[in-house]
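Notes to accompany the following structure.
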Amino acid sequence: MIFRQLFDPQSSTYTYLLADEVSRQAVLVDPVFEQARRDSALIDELGLKLKWTLETHVHADHVTGAWLLRERFGSKIALAAASGAEGADRLLQAGDRVEFGRRWLEVRATPGHTNGCITYVVDDHQAALTGDALLIRGCGRTDFQQGSANTLYDSVHEQIFSLPDSCLLYPAHDYRGLTVTSVGEEKLFNPRLGGQILREDFIGYMNHLGLPHPKQMDIAVPANLRCGRPQQPSQDAPEQNWAPLTYTFAGILEVQPQWLEEHLRDVQIVDVREPAEFNGSLGHVPGAILVPLGTLTERAAELSKERPIVAVCRSGARSAQATVLLGKAGFNRVANLSGGMLRWRAQRLAVEGGTD
Ligand SMILES: N[C@@H](CCC(=O)N[C@@H](CS)C(=O)NCC(=O)O)C(=O)O
Ligand SMILES: [Fe+2]
């Protein structure tokens, strides 16, 4: 099983990518709208086919990336029938299975934080994604979205604490940077639900949390009830649409060699290698200007902000760093040449200088 835990710092949300190693079929649980580009890059780089985006519940603190990812990959959206959301491809009930290749997630209804909360249990019961039903040494609040401490008490005891003690638990949020826990651990040490704590103790605790409502709640809940579909069609920011840019999981915007060859005159090509390399056997892209990486920041003023910049080096590594430095210097239309001069030459594109 391929398993990745991804984090959105804005909302402290964890998104989970699970995939069958053989078929490469994948599911993404609780994607975040603003992280769809990052998540897409990882799915592409790992060679996965996104079958499903799954929600553990209708979130109150961030908008789901489910709709965006369906547009991008043709993945299907699933969440609880009890969530009341519109626009899903499948509405889940307790006992359902969501399959991806030879693997599956078992659906357990764990209402209480919201009435449509689901815990997804991995087929071998080695791990479960608890959403906000059970957090690490905590649990989801029960003071909005049909929340009920009484219901949550039953959900946790009957549906989560009934899993093997060794079963790892991955929550939808953590506000302290903790990443994983286990059933046995939470049964003993959860300060709201573990040890000798009775139902009445729990309800008393939950009724006095005194938390302010999530800042994004008025935007997030209606958007999530539409599975994250924006009300207005969104347009790429102008700094994102000057080329067919691809975004890497490392956080770099790239253009492909073929595109650059067709647009040599539309961009400034900045080669950040050393002079001996620029004039060496690989040659350089026609029209490229030489600004070695070590001098880039001090010479950035020589570059125009009117035309986008494509940074180039031997393999694409130093030029990736050049895009970061240029971004810091205030250039907002900058991309890396994917694969650098090595790929440019492998694709037999035209060069100035160089040897065959
Ligand atoms: N400060 C956060 C609110 C976080 C919050 O209320 N989180 C919910 C989950 S959606 C919760 O149940 N928190 C439990 C807790 O903090 O104990 C925001 O504005 O987004
Ligand atoms: Fe929540």
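Residues in the structure tokens are named by chain (A, B, ... in the order shown) and by number from 1 within that chain; ligands are numbered from 1 in the order shown.
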
In range 76-161 of chain A, what's strand (DSSP E or B) per DSSP? Answer as a PyMOL selection string?
chain A and resi 76-80+90-92+97-100+103-109+118-122+127-131+135+138

TODO: Would you mind listing what lies within 6 Å of Thr130 in chain A as a PyMOL selection string, with only C-alpha atoms counted and same-chain residues fewer than 3 positions away left out?
DONE: chain A and resi 119+133-134+171

How about saving the chosen residues, N, CA and C atoms kept, as a CSV table (one decimal), in the first residue's frame?
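This is the output file again.csv:
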chain,number,residue,atom,x,y,z
A,119,THR,N,-15.6,7.3,9.4
A,119,THR,CA,-14.3,6.8,9.6
A,119,THR,C,-14.0,5.7,8.5
A,133,ALA,N,-13.9,12.7,14.1
A,133,ALA,CA,-14.5,12.0,15.2
A,133,ALA,C,-13.5,11.8,16.4
A,134,LEU,N,-12.3,11.3,16.1
A,134,LEU,CA,-11.3,11.2,17.1
A,134,LEU,C,-10.0,11.8,16.6
A,171,PRO,N,-6.0,11.3,12.0
A,171,PRO,CA,-7.1,12.3,12.1
A,171,PRO,C,-7.1,13.2,10.9

Counting only C-alpha atoms and all ligand atoms, closest pick from A:Gln25, A:Thr64, A:Gln256, A:Gln231 relative to ligand 2 is A:Thr64

Subject >> Site check for ligand 2: residues at most 9 Å away, only C-alpha atoms and all ligand atoms, as JSON, numbers by chain >> reply: {"A": [56, 57, 58, 59, 60, 61, 62, 113, 114, 117, 131, 132, 133, 140, 141, 172, 173]}

Please write the residues from the selection above to a file, keeping N, CA, C and O atoms, as a PDB file, in the first residue's frame.
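The resulting file, part-v1.pdb, is reproduced below:
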ATOM      1  N   THR A  56     -14.281  12.800   4.880  1.00  0.00           N
ATOM      2  CA  THR A  56     -14.705  12.229   6.155  1.00  0.00           C
ATOM      3  C   THR A  56     -15.956  12.937   6.669  1.00  0.00           C
ATOM      4  O   THR A  56     -16.711  12.364   7.444  1.00  0.00           O
ATOM      5  N   HIS A  57     -16.139  14.200   6.237  1.00  0.00           N
ATOM      6  CA  HIS A  57     -17.358  14.940   6.609  1.00  0.00           C
ATOM      7  C   HIS A  57     -17.403  16.256   5.848  1.00  0.00           C
ATOM      8  O   HIS A  57     -16.453  16.588   5.124  1.00  0.00           O
ATOM      9  N   VAL A  58     -18.508  16.984   5.999  1.00  0.00           N
ATOM     10  CA  VAL A  58     -18.620  18.332   5.436  1.00  0.00           C
ATOM     11  C   VAL A  58     -17.830  19.260   6.372  1.00  0.00           C
ATOM     12  O   VAL A  58     -18.249  19.527   7.493  1.00  0.00           O
ATOM     13  N   HIS A  59     -16.690  19.712   5.898  1.00  0.00           N
ATOM     14  CA  HIS A  59     -15.785  20.487   6.749  1.00  0.00           C
ATOM     15  C   HIS A  59     -16.288  21.907   6.956  1.00  0.00           C
ATOM     16  O   HIS A  59     -16.893  22.499   6.059  1.00  0.00           O
ATOM     17  N   ALA A  60     -15.977  22.443   8.124  1.00  0.00           N
ATOM     18  CA  ALA A  60     -16.398  23.811   8.452  1.00  0.00           C
ATOM     19  C   ALA A  60     -15.241  24.799   8.362  1.00  0.00           C
ATOM     20  O   ALA A  60     -15.448  25.997   8.491  1.00  0.00           O
ATOM     21  N   ASP A  61     -14.038  24.289   8.131  1.00  0.00           N
ATOM     22  CA  ASP A  61     -12.874  25.176   8.266  1.00  0.00           C
ATOM     23  C   ASP A  61     -12.073  25.341   6.974  1.00  0.00           C
ATOM     24  O   ASP A  61     -11.149  26.143   6.918  1.00  0.00           O
ATOM     25  N   HIS A  62     -12.368  24.550   5.948  1.00  0.00           N
ATOM     26  CA  HIS A  62     -11.686  24.691   4.659  1.00  0.00           C
ATOM     27  C   HIS A  62     -12.602  24.129   3.581  1.00  0.00           C
ATOM     28  O   HIS A  62     -13.514  23.356   3.883  1.00  0.00           O
ATOM     29  N   HIS A 113     -19.492  14.730  15.598  1.00  0.00           N
ATOM     30  CA  HIS A 113     -18.895  16.036  15.240  1.00  0.00           C
ATOM     31  C   HIS A 113     -19.831  16.693  14.221  1.00  0.00           C
ATOM     32  O   HIS A 113     -20.225  17.846  14.378  1.00  0.00           O
ATOM     33  N   THR A 114     -20.184  15.950  13.173  1.00  0.00           N
ATOM     34  CA  THR A 114     -21.314  16.293  12.297  1.00  0.00           C
ATOM     35  C   THR A 114     -22.135  15.004  12.161  1.00  0.00           C
ATOM     36  O   THR A 114     -21.651  13.923  12.532  1.00  0.00           O
ATOM     37  N   CYS A 117     -20.386  12.219   9.572  1.00  0.00           N
ATOM     38  CA  CYS A 117     -18.967  11.857   9.741  1.00  0.00           C
ATOM     39  C   CYS A 117     -18.745  10.371   9.468  1.00  0.00           C
ATOM     40  O   CYS A 117     -19.497   9.513   9.938  1.00  0.00           O
ATOM     41  N   GLY A 131     -11.186  11.143  10.524  1.00  0.00           N
ATOM     42  CA  GLY A 131     -11.784  12.468  10.329  1.00  0.00           C
ATOM     43  C   GLY A 131     -11.671  13.266  11.608  1.00  0.00           C
ATOM     44  O   GLY A 131     -10.623  13.261  12.265  1.00  0.00           O
ATOM     45  N   ASP A 132     -12.786  13.935  12.000  1.00  0.00           N
ATOM     46  CA  ASP A 132     -12.758  14.695  13.251  1.00  0.00           C
ATOM     47  C   ASP A 132     -13.513  13.967  14.361  1.00  0.00           C
ATOM     48  O   ASP A 132     -13.790  14.555  15.406  1.00  0.00           O
ATOM     49  N   ALA A 133     -13.858  12.695  14.138  1.00  0.00           N
ATOM     50  CA  ALA A 133     -14.511  11.959  15.220  1.00  0.00           C
ATOM     51  C   ALA A 133     -13.519  11.801  16.374  1.00  0.00           C
ATOM     52  O   ALA A 133     -13.804  12.151  17.512  1.00  0.00           O
ATOM     53  N   GLY A 140     -13.326  15.888  17.664  1.00  0.00           N
ATOM     54  CA  GLY A 140     -13.982  17.019  17.023  1.00  0.00           C
ATOM     55  C   GLY A 140     -14.993  17.662  17.963  1.00  0.00           C
ATOM     56  O   GLY A 140     -15.601  16.975  18.796  1.00  0.00           O
ATOM     57  N   ARG A 141     -15.161  18.956  17.806  1.00  0.00           N
ATOM     58  CA  ARG A 141     -16.141  19.683  18.613  1.00  0.00           C
ATOM     59  C   ARG A 141     -17.553  19.252  18.217  1.00  0.00           C
ATOM     60  O   ARG A 141     -17.755  18.700  17.116  1.00  0.00           O
ATOM     61  N   ALA A 172      -8.198  13.989  10.807  1.00  0.00           N
ATOM     62  CA  ALA A 172      -8.305  15.009   9.753  1.00  0.00           C
ATOM     63  C   ALA A 172      -7.591  16.301  10.124  1.00  0.00           C
ATOM     64  O   ALA A 172      -7.332  17.132   9.250  1.00  0.00           O
ATOM     65  N   HIS A 173      -7.325  16.492  11.416  1.00  0.00           N
ATOM     66  CA  HIS A 173      -6.621  17.707  11.847  1.00  0.00           C
ATOM     67  C   HIS A 173      -5.683  17.371  12.990  1.00  0.00           C
ATOM     68  O   HIS A 173      -5.948  16.452  13.777  1.00  0.00           O
TER      69      HIS A 173
END

Please identify which residues in range 19-246 of chain A DSSP calls helix (DSSP H, G or I) from the backbone, and express them as a compact mmCIF listing (two decimals) with C-alpha atoms, in the first residue's frame.
# COMPACT_ATOMS: atom_id res chain seq x y z
CA PHE A 33 -9.07 23.26 -2.37
CA GLU A 34 -5.91 25.38 -2.18
CA GLN A 35 -3.70 22.27 -2.22
CA ALA A 36 -5.22 20.63 -5.32
CA ARG A 37 -2.23 21.65 -7.45
CA ARG A 38 0.21 20.13 -4.95
CA ASP A 39 -1.83 16.94 -4.60
CA SER A 40 -2.16 16.62 -8.39
CA ALA A 41 1.62 16.92 -8.77
CA LEU A 42 2.21 14.11 -6.28
CA ILE A 43 -0.38 11.85 -7.93
CA ASP A 44 1.27 12.44 -11.31
CA GLU A 45 4.83 12.00 -10.02
CA ALA A 66 -12.88 17.21 -4.52
CA TRP A 67 -14.54 19.13 -7.37
CA LEU A 68 -11.24 20.56 -8.67
CA LEU A 69 -9.64 17.12 -8.66
CA ARG A 70 -12.62 15.62 -10.49
CA GLU A 71 -12.17 18.30 -13.18
CA ARG A 72 -8.46 17.51 -13.36
CA PHE A 73 -8.44 13.68 -13.16
CA ALA A 81 -25.36 10.08 2.35
CA ALA A 82 -26.12 11.63 5.73
CA SER A 83 -23.97 14.67 4.88
CA ALA A 149 -21.49 14.78 22.26
CA ASN A 150 -23.82 11.92 23.20
CA THR A 151 -23.69 10.55 19.64
CA LEU A 152 -19.93 11.06 19.35
CA TYR A 153 -19.37 9.09 22.55
CA ASP A 154 -21.12 6.08 21.02
CA SER A 155 -19.36 6.47 17.67
CA VAL A 156 -15.89 6.46 19.20
CA HIS A 157 -16.55 3.60 21.61
CA GLU A 158 -18.48 1.36 19.23
CA GLN A 159 -16.84 2.07 15.88
CA ILE A 160 -13.24 3.13 16.65
CA VAL A 183 -6.52 2.71 19.23
CA GLY A 184 -4.77 1.34 22.32
CA GLU A 185 -3.13 4.65 23.05
CA GLU A 186 -6.33 6.69 22.76
CA LYS A 187 -8.32 4.20 24.84
CA LEU A 188 -5.83 4.82 27.66
CA PHE A 189 -4.82 8.44 27.27
CA ARG A 199 -20.39 9.43 28.99
CA GLU A 200 -21.54 12.18 31.38
CA ASP A 201 -17.95 13.35 31.93
CA PHE A 202 -17.46 13.54 28.18
CA ILE A 203 -20.67 15.46 27.57
CA GLY A 204 -19.77 17.92 30.33
CA TYR A 205 -16.30 18.41 28.83
CA MET A 206 -17.68 18.97 25.30
CA MET A 217 -17.13 28.47 8.36
CA ASP A 218 -19.58 30.71 6.45
CA ILE A 219 -17.72 30.08 3.19
CA ALA A 220 -16.61 26.50 3.78
CA VAL A 221 -19.87 24.80 4.75
CA PRO A 222 -21.96 25.97 1.74
CA ALA A 223 -19.05 25.25 -0.63
CA ASN A 224 -18.54 21.78 0.83
CA PRO A 238 -2.44 36.10 -15.16
CA GLU A 239 0.95 35.08 -13.76
CA GLN A 240 -0.08 31.44 -14.16

Residue with the minimum atom-to-atom distance to Thr323 in chain A, picked from A:Ala301, A:Ala350, A:Val272, A:Ile77 with only C-alpha atoms counted, is A:Val272

Restricting to only C-alpha atoms and all ligand atoms, whichever of A:Arg102, A:Arg4, A:Arg314, A:Arg137 is closest to ligand 1 is A:Arg137

Show which residues sit within 10 Å of Pro257 in chain A, as a PyMOL selection string. Count only C-alpha atoms, and ignore same-chain residues fewer than 5 positions away.
chain A and resi 262-263+285+336-341+343-345+347+349

Could those residues be written to a file, using C-alpha atoms, as a CSV table (one decimal), in the first residue's frame?
chain,number,residue,atom,x,y,z
A,262,GLU,CA,8.1,27.4,-30.1
A,263,HIS,CA,8.1,30.6,-27.9
A,285,VAL,CA,19.2,27.7,-26.0
A,336,ASN,CA,12.1,26.4,-15.0
A,337,LEU,CA,13.0,24.6,-18.2
A,338,SER,CA,12.1,21.0,-17.3
A,339,GLY,CA,15.1,18.7,-17.6
A,340,GLY,CA,17.5,21.6,-18.5
A,341,MET,CA,20.0,21.4,-21.4
A,343,ARG,CA,16.6,17.1,-22.0
A,344,TRP,CA,16.8,19.9,-24.6
A,345,ARG,CA,19.6,18.1,-26.3
A,347,GLN,CA,15.0,16.1,-27.8
A,349,LEU,CA,16.2,20.9,-30.2

Shell around Leu163 in chain A at 9 Å using only C-alpha atoms, local window under 6 positions removed, as a PDB file with N, CA, C and O atoms, in the first residue's frame:
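Saved to part_27.pdb:
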ATOM      1  N   HIS A 125      -7.304  -3.606   8.651  1.00  0.00           N
ATOM      2  CA  HIS A 125      -7.519  -3.066  10.014  1.00  0.00           C
ATOM      3  C   HIS A 125      -6.222  -2.632  10.695  1.00  0.00           C
ATOM      4  O   HIS A 125      -6.143  -2.590  11.919  1.00  0.00           O
ATOM      5  N   GLN A 126      -5.217  -2.309   9.895  1.00  0.00           N
ATOM      6  CA  GLN A 126      -3.960  -1.801  10.451  1.00  0.00           C
ATOM      7  C   GLN A 126      -4.006  -0.295  10.643  1.00  0.00           C
ATOM      8  O   GLN A 126      -3.159   0.273  11.334  1.00  0.00           O
ATOM      9  N   ALA A 128      -6.795   3.432  10.319  1.00  0.00           N
ATOM     10  CA  ALA A 128      -8.106   4.037  10.034  1.00  0.00           C
ATOM     11  C   ALA A 128      -7.953   5.544   9.980  1.00  0.00           C
ATOM     12  O   ALA A 128      -7.119   6.130  10.680  1.00  0.00           O
ATOM     13  N   VAL A 183      -5.318   2.975  18.444  1.00  0.00           N
ATOM     14  CA  VAL A 183      -6.524   2.708  19.231  1.00  0.00           C
ATOM     15  C   VAL A 183      -6.158   2.497  20.698  1.00  0.00           C
ATOM     16  O   VAL A 183      -6.745   3.107  21.599  1.00  0.00           O
TER      17      VAL A 183
END

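Proximity to Ala300 in chain A at 12 Å, evaluated using only C-alpha atoms and with sequence-adjacent residues fewer than 6 positions away removed, yields Val270, Val272, Leu290, Val291, Pro292, Leu293, Gly294, Ile309, Ala322, Thr323, Leu325, Leu326, Gly327, Lys328, Ala329, Gly330 and Phe331 of chain A.
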
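When only C-alpha atoms are used to compute distances to Val63 in chain A, the closest of the residues A:Gln5, A:Thr13, A:Ser304, A:Gln196 turns out to be A:Thr13.
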
| Within 12 Å of Glu99 in chain A using only C-alpha atoms, minus same-chain residues under 2 positions, as a list of chain:residue names | A:Leu18, A:Ala19, A:Asp20, A:Ser23, A:Gln25, A:Ala26, A:Val27, A:Leu50, A:Lys51, A:Trp52, A:Thr53, A:Leu54, A:Lys76, A:Ala78, A:Asp96, A:Arg97, A:Gly101, A:Arg102, A:Arg103, A:Trp104, A:Leu105, A:Glu106, A:Val107, A:Tyr120, A:Val121, A:Val122, A:Asp123

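We find CA of Ile2 in chain A and CA of Leu17 in chain A to be spaced 7.6 Å apart.
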
Separating CA of Gln258 in chain A from CA of Thr295 in chain A, to the nearest tenth of an Å, is a gap of 28.0 Å

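Residue neighbourhood of Arg307 in chain A, excluding near-sequence residues (fewer than 4 positions): Asp266, Val267, Gln268 and Arg333 of chain A, at 8 Å, using only C-alpha atoms.
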
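Nearest residue to ligand 1, choosing from A:Asp124, A:Leu92, A:Leu211, A:Ser75 and counting only C-alpha atoms and all ligand atoms: A:Leu211.
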
Atom pair CA of Gly84 in chain A + CA of Cys227 in chain A, distance 10.5 Å
